[in-house]
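**Student:** Structure supplied as coords32.csv; contents: CSV, C-alpha atoms.
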```csv
chain,number,residue,atom,x,y,z
A,61,MET,CA,18.6,-22.7,9.9
A,62,GLN,CA,14.8,-22.8,9.9
A,63,SER,CA,14.4,-19.2,8.9
A,64,ALA,CA,17.0,-19.5,6.2
A,65,LEU,CA,15.1,-22.5,4.8
A,66,ALA,CA,11.9,-20.5,4.9
A,67,LEU,CA,13.5,-17.8,2.8
A,68,LEU,CA,14.7,-20.3,0.3
A,69,LEU,CA,11.2,-21.7,0.0
A,70,VAL,CA,9.8,-18.2,-0.6
A,71,VAL,CA,12.3,-17.6,-3.3
A,72,ALA,CA,11.4,-20.9,-5.0
A,73,THR,CA,7.7,-20.1,-4.7
A,74,VAL,CA,7.7,-16.6,-6.2
A,75,GLY,CA,10.8,-16.5,-8.3
A,76,VAL,CA,13.5,-13.8,-8.2
A,77,ARG,CA,15.2,-11.2,-10.3
A,78,ALA,CA,18.2,-9.0,-9.6
A,79,VAL,CA,17.5,-5.3,-9.0
A,80,PRO,CA,19.9,-3.1,-10.8
A,81,PHE,CA,21.6,-0.8,-8.3
A,82,SER,CA,22.3,1.7,-11.1
A,83,LEU,CA,18.6,2.6,-10.9
A,84,VAL,CA,18.6,3.4,-7.1
A,85,ASP,CA,17.5,6.9,-6.4
A,86,THR,CA,19.4,9.1,-3.9
A,87,PRO,CA,18.0,11.7,-1.6
A,88,ALA,CA,18.3,15.5,-2.0
A,89,LYS,CA,17.3,18.0,0.7
A,90,CYS,CA,13.9,18.6,2.1
A,91,THR,CA,13.5,22.3,2.7
A,92,ASN,CA,9.8,22.8,2.1
A,93,PRO,CA,7.8,19.6,2.9
A,94,THR,CA,4.4,19.2,1.4
A,95,LYS,CA,1.4,18.9,3.7
A,96,ARG,CA,-0.6,15.7,3.7
A,97,VAL,CA,-4.1,16.6,4.8
A,98,SER,CA,-7.0,14.4,5.6
A,99,TRP,CA,-9.7,14.3,2.9
A,100,HIS,CA,-12.1,15.9,5.4
A,101,ASP,CA,-10.0,19.1,5.2
A,102,VAL,CA,-9.0,19.2,1.5
A,103,SER,CA,-10.7,22.0,-0.4
A,104,ALA,CA,-13.3,21.2,-3.0
A,105,GLU,CA,-11.0,22.5,-5.8
A,106,ASP,CA,-8.2,20.2,-4.7
A,107,LYS,CA,-10.6,17.2,-4.4
A,108,LYS,CA,-11.7,17.7,-7.9
A,109,ALA,CA,-8.1,18.0,-9.1
A,110,TYR,CA,-7.1,14.8,-7.2
A,111,ILE,CA,-10.0,12.8,-8.6
A,112,SER,CA,-9.3,14.1,-12.1
A,113,ALA,CA,-5.7,13.0,-11.9
A,114,GLU,CA,-6.7,9.6,-10.6
A,115,GLN,CA,-9.0,9.2,-13.5
A,116,CYS,CA,-6.2,10.2,-15.8
A,117,ILE,CA,-4.0,7.4,-14.4
A,118,MET,CA,-6.8,4.9,-14.8
A,119,ASN,CA,-7.3,5.9,-18.5
A,120,ALA,CA,-3.6,6.2,-19.4
A,121,GLU,CA,-2.2,3.4,-21.5
A,122,ALA,CA,0.3,1.0,-19.8
A,123,LYS,CA,3.9,2.0,-20.3
A,124,LEU,CA,6.1,-0.6,-18.7
A,125,LYS,CA,4.7,-3.8,-20.3
A,126,LYS,CA,6.0,-5.8,-17.3
A,127,MET,CA,2.9,-6.5,-15.2
A,128,PRO,CA,0.9,-9.4,-16.8
A,129,GLY,CA,-2.6,-8.3,-17.8
A,130,ALA,CA,-2.0,-4.6,-17.3
A,131,LYS,CA,-3.7,-2.4,-19.9
A,132,THR,CA,-3.5,1.0,-18.1
A,133,GLN,CA,-1.0,2.8,-15.8
A,134,TRP,CA,-3.5,2.1,-13.0
A,135,ASP,CA,-3.3,-1.6,-13.8
A,136,GLU,CA,0.5,-1.4,-13.6
A,137,LEU,CA,0.2,0.1,-10.1
A,138,VAL,CA,-2.2,-2.7,-9.1
A,139,GLY,CA,0.0,-5.3,-10.8
A,140,LEU,CA,3.0,-4.1,-8.8
A,141,HIS,CA,1.1,-4.8,-5.5
A,142,GLN,CA,0.1,-8.1,-6.9
A,143,ILE,CA,3.6,-9.2,-7.9
A,144,LEU,CA,5.2,-8.2,-4.6
A,145,SER,CA,2.3,-9.2,-2.3
A,146,LEU,CA,4.2,-12.1,-0.7
A,147,GLN,CA,7.1,-9.8,0.2
A,148,ILE,CA,5.3,-6.7,1.4
A,149,HIS,CA,2.7,-8.2,3.7
A,150,SER,CA,3.3,-9.8,7.1
A,151,THR,CA,7.0,-8.8,6.8
A,152,GLY,CA,9.3,-6.1,8.1
A,153,THR,CA,9.0,-4.4,4.7
A,154,PHE,CA,5.3,-3.8,5.1
A,155,LEU,CA,5.4,-0.2,6.3
A,156,PRO,CA,8.4,1.0,4.3
A,157,TYR,CA,7.3,-0.6,1.1
A,158,HIS,CA,3.7,0.9,1.3
A,159,ARG,CA,5.3,4.3,2.0
A,160,TYR,CA,7.3,3.8,-1.2
A,161,MET,CA,4.2,2.8,-3.1
A,162,LEU,CA,2.4,5.9,-1.9
A,163,HIS,CA,5.4,7.8,-3.4
A,164,ALA,CA,5.0,6.0,-6.7
A,165,HIS,CA,1.3,6.8,-6.7
A,166,GLU,CA,2.1,10.4,-6.0
A,167,HIS,CA,4.5,10.5,-8.9
A,168,LEU,CA,1.8,9.2,-11.3
A,169,LEU,CA,-0.7,11.9,-9.9
A,170,ASN,CA,1.9,14.6,-10.5
A,171,GLN,CA,2.3,13.4,-14.1
A,172,CYS,CA,-1.5,13.8,-14.5
A,173,GLY,CA,-1.4,17.4,-13.2
A,174,TYR,CA,-2.0,17.0,-9.5
A,175,ASN,CA,0.8,18.8,-7.6
A,176,LYS,CA,-0.6,19.2,-4.1
A,177,GLY,CA,0.3,17.1,-1.1
A,178,LEU,CA,-1.0,13.6,-1.2
A,179,PRO,CA,-4.2,13.4,0.8
A,180,TYR,CA,-5.1,10.7,3.3
A,181,TRP,CA,-8.1,9.6,5.2
A,182,ASP,CA,-8.1,10.2,9.0
A,183,GLU,CA,-10.3,7.2,9.8
A,184,THR,CA,-10.4,8.0,13.5
A,185,ARG,CA,-12.8,10.9,12.6
A,186,ASP,CA,-15.3,8.4,11.1
A,187,ALA,CA,-14.6,5.3,13.1
A,188,GLY,CA,-17.8,3.3,13.9
A,189,ASN,CA,-19.7,5.0,11.0
A,190,PHE,CA,-17.5,5.0,7.9
A,191,SER,CA,-20.4,5.2,5.5
A,192,ILE,CA,-21.2,8.9,6.4
A,193,SER,CA,-17.6,10.0,5.8
A,194,PRO,CA,-17.0,12.7,3.1
A,195,VAL,CA,-14.6,10.2,1.6
A,196,PHE,CA,-17.7,8.5,0.2
A,197,ASP,CA,-19.3,11.5,-1.4
A,198,SER,CA,-20.6,10.8,-4.9
A,199,VAL,CA,-19.2,14.1,-6.3
A,200,LEU,CA,-16.2,15.1,-4.2
A,201,GLY,CA,-15.3,11.6,-3.0
A,202,PHE,CA,-14.8,8.0,-4.0
A,203,GLY,CA,-18.4,6.9,-4.2
A,204,GLY,CA,-20.2,4.8,-1.6
A,205,THR,CA,-20.6,1.1,-0.8
A,206,GLY,CA,-21.0,-1.4,-3.6
A,207,GLN,CA,-24.3,-2.7,-4.8
A,208,GLY,CA,-25.7,-6.0,-6.0
A,209,THR,CA,-23.9,-9.4,-5.8
A,210,SER,CA,-20.7,-7.9,-7.4
A,211,LYS,CA,-20.6,-5.0,-4.9
A,212,CYS,CA,-19.6,-2.7,-7.8
A,213,VAL,CA,-19.5,1.0,-6.8
A,214,GLU,CA,-22.4,2.5,-8.7
A,215,ASP,CA,-22.0,6.2,-7.8
A,216,GLY,CA,-19.1,8.6,-7.8
A,217,PRO,CA,-16.2,9.2,-10.2
A,218,PHE,CA,-15.0,5.6,-10.4
A,219,ARG,CA,-18.3,3.8,-11.1
A,220,ASN,CA,-17.5,3.0,-14.7
A,221,PHE,CA,-13.8,2.0,-14.5
A,222,THR,CA,-12.5,-1.4,-15.2
A,223,VAL,CA,-9.6,-2.9,-13.3
A,224,ASN,CA,-7.8,-5.6,-15.3
A,225,ILE,CA,-5.6,-7.0,-12.5
A,226,GLY,CA,-6.9,-9.7,-10.0
A,227,PRO,CA,-8.5,-11.2,-8.2
A,228,GLY,CA,-5.6,-12.9,-6.6
A,229,PHE,CA,-2.9,-13.8,-9.0
A,230,THR,CA,-5.2,-13.7,-12.0
A,231,SER,CA,-5.9,-11.0,-14.6
A,232,GLN,CA,-9.7,-10.7,-15.1
A,233,PRO,CA,-11.5,-7.4,-15.9
A,234,ARG,CA,-13.7,-6.3,-13.0
A,235,CYS,CA,-15.3,-3.3,-11.5
A,236,VAL,CA,-14.1,-1.1,-8.7
A,237,ASN,CA,-16.0,-2.7,-5.7
A,238,ARG,CA,-16.2,-2.4,-2.0
A,239,GLN,CA,-18.6,-3.2,0.9
A,240,ILE,CA,-18.6,-0.9,4.0
A,241,THR,CA,-19.4,-2.4,7.4
A,242,ASN,CA,-19.8,0.4,9.9
A,243,ALA,CA,-19.5,-1.8,13.0
A,244,LEU,CA,-16.1,-3.1,12.0
A,245,SER,CA,-14.8,0.5,11.3
A,246,SER,CA,-14.9,1.1,15.1
A,247,TYR,CA,-11.6,-0.7,15.2
A,248,CYS,CA,-10.0,2.3,13.5
A,249,SER,CA,-10.8,4.7,16.4
A,250,ALA,CA,-8.3,7.1,18.0
A,251,SER,CA,-7.9,4.7,20.9
A,252,ALA,CA,-7.1,1.8,18.6
A,253,VAL,CA,-4.5,3.9,16.8
A,254,GLN,CA,-2.9,4.9,20.0
A,255,LYS,CA,-2.7,1.2,21.1
A,256,ALA,CA,-1.2,0.3,17.7
A,257,ILE,CA,1.6,2.9,18.0
A,258,SER,CA,2.3,2.3,21.7
A,259,PRO,CA,5.0,-0.5,21.3
A,260,THR,CA,8.5,0.6,21.9
A,261,THR,CA,10.2,-1.5,19.2
A,262,TYR,CA,9.7,-1.5,15.4
A,263,GLU,CA,9.0,-5.3,15.4
A,264,GLU,CA,6.1,-4.9,17.8
A,265,ALA,CA,4.9,-1.7,16.2
A,266,TRP,CA,4.6,-2.9,12.6
A,267,ARG,CA,2.8,-6.0,13.8
A,268,ALA,CA,0.4,-3.9,16.0
A,269,ILE,CA,-0.3,-1.5,13.1
A,270,TYR,CA,-0.6,-4.3,10.6
A,271,SER,CA,-3.0,-6.4,12.6
A,272,GLY,CA,-4.8,-3.4,14.1
A,273,PRO,CA,-6.3,-0.4,12.3
A,274,HIS,CA,-4.7,-1.4,9.0
A,275,LEU,CA,-6.3,-4.9,8.8
A,276,MET,CA,-9.6,-3.8,10.4
A,277,GLY,CA,-9.9,-0.9,8.0
A,278,HIS,CA,-9.4,-3.3,5.1
A,279,ILE,CA,-12.0,-5.6,6.5
A,280,ALA,CA,-14.5,-2.8,7.1
A,281,LEU,CA,-14.1,-1.6,3.5
A,282,SER,CA,-13.7,-5.0,1.7
A,283,MET,CA,-12.0,-3.3,-1.2
A,284,MET,CA,-11.9,-5.4,-4.4
A,285,ASN,CA,-13.8,-8.3,-2.7
A,286,ALA,CA,-11.3,-8.1,0.3
A,287,ASP,CA,-8.6,-9.4,-1.9
A,288,SER,CA,-5.3,-9.0,-0.1
A,289,ILE,CA,-3.3,-9.3,-3.3
A,290,THR,CA,-5.0,-6.6,-5.4
A,291,SER,CA,-7.0,-4.5,-3.0
A,292,ASN,CA,-5.3,-1.4,-4.4
A,293,GLY,CA,-7.5,-1.7,-7.5
A,294,ASP,CA,-9.9,0.5,-5.5
A,295,PRO,CA,-8.5,4.1,-5.4
A,296,LEU,CA,-9.7,4.3,-1.8
A,297,PHE,CA,-6.8,2.0,-1.0
A,298,PHE,CA,-4.3,4.9,-1.1
A,299,MET,CA,-6.5,7.0,1.3
A,300,HIS,CA,-6.4,4.1,3.7
A,301,HIS,CA,-2.7,3.5,3.4
A,302,GLY,CA,-2.0,7.2,3.9
A,303,PHE,CA,-3.7,6.6,7.3
A,304,VAL,CA,-1.5,3.6,7.9
A,305,ASP,CA,1.7,5.6,6.9
A,306,LYS,CA,0.7,8.4,9.2
A,307,MET,CA,0.5,5.9,12.1
A,308,TRP,CA,4.1,4.8,11.4
A,309,ALA,CA,5.2,8.5,11.1
A,310,ASP,CA,3.6,9.3,14.4
A,311,TRP,CA,5.3,6.3,16.0
A,312,GLN,CA,8.7,7.4,14.6
A,313,ALA,CA,8.2,10.9,15.8
A,314,LYS,CA,8.2,9.7,19.4
A,315,ASP,CA,11.9,9.0,19.3
A,316,PRO,CA,14.6,10.1,16.7
A,317,LYS,CA,16.2,6.7,17.0
A,318,ARG,CA,13.2,5.2,15.4
A,319,LEU,CA,14.1,6.8,12.0
A,320,THR,CA,16.8,4.1,11.7
A,321,GLU,CA,15.0,1.2,13.3
A,322,ILE,CA,14.0,-1.7,11.1
A,323,SER,CA,13.6,-5.4,11.5
A,324,GLY,CA,11.6,-8.4,10.4
A,325,LEU,CA,11.6,-10.9,7.5
A,326,ASN,CA,12.0,-9.5,3.9
A,327,ALA,CA,9.6,-12.1,2.5
A,328,GLN,CA,6.8,-14.2,4.0
A,329,ASP,CA,7.7,-17.4,5.9
A,330,PRO,CA,5.9,-20.1,3.8
A,331,LYS,CA,4.7,-21.7,7.0
A,332,VAL,CA,3.0,-18.5,8.1
A,333,GLY,CA,2.1,-16.6,4.9
A,334,PHE,CA,-0.3,-13.7,5.7
A,335,LEU,CA,-0.6,-13.3,9.5
A,336,GLU,CA,-4.4,-12.9,9.2
A,337,PHE,CA,-5.0,-16.2,7.5
A,338,PRO,CA,-4.2,-19.7,8.8
A,339,GLY,CA,-2.2,-22.4,7.1
A,340,GLY,CA,0.7,-20.7,5.4
A,341,ILE,CA,1.3,-19.8,1.7
A,342,GLU,CA,0.2,-23.1,0.2
A,343,GLU,CA,-3.1,-23.2,2.1
A,344,GLU,CA,-3.7,-19.5,1.4
A,345,SER,CA,-3.0,-20.1,-2.3
A,346,LYS,CA,-6.4,-21.9,-2.5
A,347,MET,CA,-8.0,-18.5,-2.2
A,348,TRP,CA,-5.9,-16.6,-4.8
A,349,GLY,CA,-3.7,-19.1,-6.6
A,350,HIS,CA,0.0,-18.9,-7.3
A,351,PRO,CA,2.1,-16.2,-9.2
A,352,THR,CA,2.2,-17.1,-12.9
A,353,THR,CA,5.4,-17.7,-14.7
A,354,GLU,CA,5.3,-14.2,-16.2
A,355,MET,CA,4.9,-12.8,-12.7
A,356,LYS,CA,7.8,-14.8,-11.4
A,357,ALA,CA,10.0,-13.5,-14.2
A,358,VAL,CA,9.7,-9.9,-12.9
A,359,THR,CA,9.5,-10.6,-9.2
A,360,PRO,CA,12.5,-9.1,-7.4
A,361,ASP,CA,14.9,-11.0,-5.1
A,362,PRO,CA,13.7,-10.2,-1.6
A,363,THR,CA,17.2,-10.2,-0.3
A,364,THR,CA,18.6,-7.5,-2.6
A,365,GLY,CA,20.5,-5.0,-0.4
A,366,ASP,CA,20.2,-7.2,2.7
A,367,LYS,CA,23.5,-9.0,2.0
A,368,GLY,CA,21.7,-12.2,1.1
A,369,GLY,CA,20.0,-12.6,4.4
A,370,ASN,CA,16.3,-13.0,5.1
A,371,GLN,CA,16.1,-10.0,7.5
A,372,THR,CA,15.1,-6.5,6.4
A,373,THR,CA,17.9,-4.0,6.7
A,374,LEU,CA,18.3,-0.3,5.8
A,375,GLY,CA,20.1,-1.4,2.7
A,376,HIS,CA,17.0,-3.3,1.4
A,377,VAL,CA,16.3,-2.2,-2.2
A,378,MET,CA,12.7,-1.5,-3.1
A,379,THR,CA,11.5,-1.5,-6.7
A,380,SER,CA,8.4,-0.3,-8.5
A,381,LEU,CA,9.5,-2.2,-11.6
A,382,GLY,CA,10.0,1.1,-13.4
A,383,ILE,CA,7.2,3.4,-12.2
A,384,ILE,CA,9.8,5.3,-10.3
A,385,PRO,CA,13.5,4.5,-9.8
A,386,ASP,CA,14.4,1.9,-7.2
A,387,THR,CA,15.6,3.2,-3.9
A,388,THR,CA,16.9,1.8,-0.6
A,389,LEU,CA,14.8,1.5,2.5
A,390,GLU,CA,17.1,3.9,4.3
A,391,ASN,CA,15.9,6.7,2.0
A,392,ILE,CA,12.3,6.4,2.9
A,393,MET,CA,12.6,6.1,6.7
A,394,ASP,CA,12.3,9.8,7.3
A,395,THR,CA,9.3,11.6,5.6
A,396,LYS,CA,11.4,14.7,5.6
A,397,GLY,CA,14.8,13.1,4.9
A,398,GLY,CA,15.3,14.4,1.3
A,399,TYR,CA,14.2,11.5,-0.8
A,400,LEU,CA,10.8,12.1,0.7
A,401,CYS,CA,9.6,15.6,1.7
A,402,TYR,CA,6.2,15.7,3.4
A,403,GLU,CA,4.5,15.8,6.7
A,404,TYR,CA,1.1,14.9,8.0
A,405,VAL,CA,-1.1,17.7,9.4
```
Would it be possible to restate this file's structure as structure tokens?
**Tutor:**
Amino acid sequence: MQSALALLLVVATVGVRAVPFSLVDTPAKCTNPTKRVSWHDVSAEDKKAYISAEQCIMNAEAKLKKMPGAKTQWDELVGLHQILSLQIHSTGTFLPYHRYMLHAHEHLLNQCGYNKGLPYWDETRDAGNFSISPVFDSVLGFGGTGQGTSKCVEDGPFRNFTVNIGPGFTSQPRCVNRQITNALSSYCSASAVQKAISPTTYEEAWRAIYSGPHLMGHIALSMMNADSITSNGDPLFFMHHGFVDKMWADWQAKDPKRLTEISGLNAQDPKVGFLEFPGGIEEESKMWGHPTTEMKAVTPDPTTGDKGGNQTTLGHVMTSLGIIPDTTLENIMDTKGGYLCYEYV
């Protein structure tokens, strides 16, 4: 009864919309999976192509007209994370939804001419000293740590870009910013990763990944002023979440049964909110506000596909609000299952 009440409170807080099942994508066959390689090992030519495609997304005019404040296709991607933030963090949908979001990002990159495997950042190779990573190269990387009081990134290919979504549930133009703390990056070490993927159940694993290298990586990078709602305004976010997705894929690879194992709430418990912050949703809203009326109007019903319950199931429907077609969680469980077709190397 208590968990059902929590779900109703979430729905009342963020608003709902019905996801049209007619838009749900179905899998094909995966016969030639693309290779997802760490940025360390990506060729200079492919790094240039990736960065160019990312800049293309950031300059392309918004198409969907659904995310409040969005002026570019990049803003729409950031706005998607903003609108769904209370459903895709500290819940059972955390890992599958971010895998789906990586897929949506890859789709936009493809439209901008990048057709290689989606790169990720193997943070274990730089743990304890993030700042020297090739990821932060000023020419073939994402630029370094931010400068000044605003922590704007002042070198690299994204130094002059404006993100129009955030902070929190607002829409205020701001720079791409981050602040690297090397000492905190030690929590993304190989031993930390192995600890995070050692649990035997999905419920334990997603929590260990979420509160371990995922969270500590975010803290060590402080992307977009460490804003949990719109941290994907920094292109580095997708490198970090490729690392997170690889952890889940490595956990799944230990047992074939894990390709169908899912659990957890499909929206935050209002009394808990984000696991990493105290006080629940209302207390946390003092940091980033509440979703606006416009946001609530396009916020999906978190129970869609879960037969009206508050537990995440394989039938759970995930939406990108039109960036790519909706799909069920079942379709993205296997990175080589057909709907997805990639592997980490």
**Student:** Give me the residues within 9 Å of Lys95 in chain A as a compact mmCIF listing (two decimals) with C-alpha atoms, in the frame of the given file, counting only C-alpha atoms and dropping any in the same chain fewer than 2 places off.
**Tutor:**
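Below is the file that was written, around.txt:
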```
# COMPACT_ATOMS: atom_id res chain seq x y z
CA PRO A 93 7.80 19.60 2.90
CA VAL A 97 -4.10 16.60 4.80
CA LYS A 176 -0.60 19.20 -4.10
CA GLY A 177 0.30 17.10 -1.10
CA LEU A 178 -1.00 13.60 -1.20
CA PRO A 179 -4.20 13.40 0.80
CA TYR A 402 6.20 15.70 3.40
CA GLU A 403 4.50 15.80 6.70
CA TYR A 404 1.10 14.90 8.00
CA VAL A 405 -1.10 17.70 9.40
```
**Student:** State, in Å with one decimal place, the distance from CA of Pro87 in chain A to CA of Leu137 in chain A.
**Tutor:**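 Atom-to-atom, CA of Pro87 in chain A to CA of Leu137 in chain A, that is 22.9 Å.
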**Student:** For Ser103 in chain A, which residue out of A:Ile383, A:Leu200, A:Ala187, A:Val138 is the nearest one, using all atoms listed in the file?
**Tutor:**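 Between A:Ile383, A:Leu200, A:Ala187, A:Val138, the residue approaching Ser103 in chain A most closely is A:Leu200.
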**Student:** For a test of reading the model, state the distance in Å between CA of Asp287 in chain A and CA of His163 in chain A, rounded to one decimal.
**Tutor:** 22.2 Å
**Student:** Which residue out of A:Phe229, A:Phe221, A:Trp348, A:Tyr262 has the minimum interatomic distance to Trp134 in chain A when all atoms listed in the file are used?
**Tutor:**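 Of all the options, A:Phe221 lies closest to Trp134 in chain A.
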**Student:** Skipping near chain neighbours, those fewer than 3 positions away, what residues fall within 9 Å of Asn237 in chain A using all atoms listed in the file, listed as a list in words?
**Tutor:**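 Neighbouring residues, sequence-local ones excluded: Thr205, Gly206, Gln207, Ser210, Lys211, Cys212, Val213, Glu214, Arg219, Arg234, Ser282, Met283, Met284, Asn285, Gly293 and Asp294 of chain A.
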**Student:** Give me, as number ranges by chain, all polymer residues having an atom no more than 10 Å from Gly333 in chain A, counting all atoms listed in the file and skipping those fewer than 6 positions away in the same chain.
**Tutor:** A: 70, 146-147, 149-151, 327, 339-345
**Student:** In terms of the shortest atom-to-atom distance over all atoms listed in the file, which of A:Met393, A:Ile289, A:Val304, A:Leu169 is closest to Thr230 in chain A?
**Tutor:**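 Selected residue with least distance to Thr230 in chain A: A:Ile289.
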**Student:** Set the distance at 12 Å and use only C-alpha atoms: which residues neighbour Glu136 in chain A once local chain neighbours fewer than 6 positions away are removed? I'd like the list as a PyMOL selection string.
**Tutor:** chain A and resi 117-130+142-143+161+164-165+168+223-226+231+290+292-293+380-384
**Student:** Counting only C-alpha atoms, figure out which residue out of A:Val332, A:Ile322, A:Cys248, A:Ala357 gets nearest to Glu390 in chain A.
**Tutor:**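 Ranking A:Val332, A:Ile322, A:Cys248, A:Ala357 by distance to Glu390 in chain A, first place goes to A:Ile322.
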**Student:** Just checking: using all atoms listed in the file, which residue out of A:Pro259, A:Gly369, A:Pro295, A:Pro316 ends up closest to Glu114 in chain A?
**Tutor:** A:Pro295
**Student:** For CA of Thr373 in chain A and CA of Pro385 in chain A, quote the distance in Å rounded to one decimal.
**Tutor:**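 Computed distance, CA of Thr373 in chain A to CA of Pro385 in chain A, equals 19.1 Å.
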**Student:** Which of these, A:Phe297, A:Thr364, A:Asp215, A:Asn175, has the shortest distance to Asp106 in chain A once you count only C-alpha atoms?
**Tutor:**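 Selected residue with least distance to Asp106 in chain A: A:Asn175.
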**Student:** Residues at most 10 Å from Phe196 in chain A, counting all atoms listed in the file, excluding those fewer than 6 positions away in the same chain, as a count of residues only?
**Tutor:** 8
**Student:** I need every residue sitting at most 8 Å from the point (11.6, -3.0, 6.9) (coordinates as in the file, all atoms listed in the file considered), written as a ChimeraX atom specification.
**Tutor:** /A:151-157,322-326,372-374,376,389
